[in-house]
Amino acid sequence: MRLLTVPALLLFFSSGLALQIQCYQCEGMTHDCSTPEFIVNCTVNVQDMCQKEVLVKNDGIYYRKSCASSGACLIASSGYQQFCTGKLNSVCITCCNTPLCNGPRQKKRPQPSAAITLATQQLHVFSLYILLLLSSTLC
């Protein structure tokens with residue numbers, strides 16, 4: 001029984017690498033659709049980015065937001081870069097890879113230092129090491 005528990009725990013901890021991002025999703029809205037009812041869970045390991053399209057038309061500004069794969073989003077955004085003027089008939093497509101990043105602009109926060117990021121990664125490795133030690137003593 002203990003032998004089955006250790007692989008299950010390892011799978012649980014390692015599955016954190018397969019992240020699921022959340023994005024806002026709406027189609028052809030005339031408001032910024034950045035409210036909780038528009039939040040969706042993107043497809044794990046497929047849709048790893050959020051996409052935001054802003055179209056300026058005669059009758060107003062339209063928003064289209066969705067989950068996207070990084071390749072498709074980056075190709076679309078670079079293809080429309082020349083049309084992103086902010087003027088009439090402008091089309092701007094942006095991509096981002098943090099949860100709900102296709103919502104309203106956030107106030108800039110200071111970036112975490114590399115030391116904090118490294119310490120977090122080391123903590124995960126240390127936790128797995130402790131788990132392996134515990135499992136070897138239990139078996």
# chains A, B, ... in the order shown; residues from 1 in each chain; ligands from 1
$ residues_around --residues "Gly28 (chain A)" --least-positions-apart "4" --cutoff "10 Å" --atoms "only C-alpha atoms" --output "PyMOL selection string"
chain A and resi 32-33+53-55+61-65
$ residues_around --residues "Asn97 (chain A)" --least-positions-apart "5" --cutoff "10 Å" --atoms "only C-alpha atoms" --output "compact mmCIF listing (two decimals) with N, CA and C atoms, in the first residue's frame"
# COMPACT_ATOMS: atom_id res chain seq x y z
N ILE A 21 -3.83 28.03 -16.97
CA ILE A 21 -3.97 29.47 -16.83
C ILE A 21 -5.46 29.84 -16.94
N GLN A 22 -5.83 30.91 -16.30
CA GLN A 22 -7.19 31.46 -16.43
C GLN A 22 -7.10 32.76 -17.21
N CYS A 23 -8.09 32.95 -18.09
CA CYS A 23 -8.15 34.17 -18.89
C CYS A 23 -9.59 34.67 -18.93
N GLN A 47 -3.40 25.63 -24.26
CA GLN A 47 -3.61 27.07 -24.25
C GLN A 47 -2.85 27.65 -23.06
N ASP A 48 -1.68 28.18 -23.34
CA ASP A 48 -0.79 28.66 -22.29
C ASP A 48 -0.69 30.18 -22.23
N MET A 49 -1.55 30.86 -22.99
CA MET A 49 -1.53 32.33 -23.00
C MET A 49 -2.95 32.87 -23.04
N CYS A 50 -3.06 34.13 -22.68
CA CYS A 50 -4.32 34.87 -22.84
C CYS A 50 -4.13 35.83 -24.01
N GLN A 51 -5.20 36.01 -24.77
CA GLN A 51 -5.14 36.90 -25.93
C GLN A 51 -6.20 37.98 -25.76
N CYS A 67 -8.50 32.39 -24.43
CA CYS A 67 -7.29 31.59 -24.19
C CYS A 67 -6.66 31.35 -25.56
N ALA A 68 -5.37 31.10 -25.58
CA ALA A 68 -4.69 30.85 -26.86
C ALA A 68 -3.43 30.04 -26.63
N SER A 69 -2.99 29.38 -27.67
CA SER A 69 -1.67 28.74 -27.61
C SER A 69 -0.64 29.82 -27.90
N SER A 70 0.53 29.69 -27.34
CA SER A 70 1.53 30.74 -27.49
C SER A 70 1.90 30.96 -28.95
N ASN A 102 -5.25 39.33 -19.60
CA ASN A 102 -5.93 40.01 -20.70
C ASN A 102 -7.09 40.87 -20.19
$ atom_distance --atom1 "CA of Leu100 (chain A)" --atom2 "CA of Tyr24 (chain A)"
6.1 Å
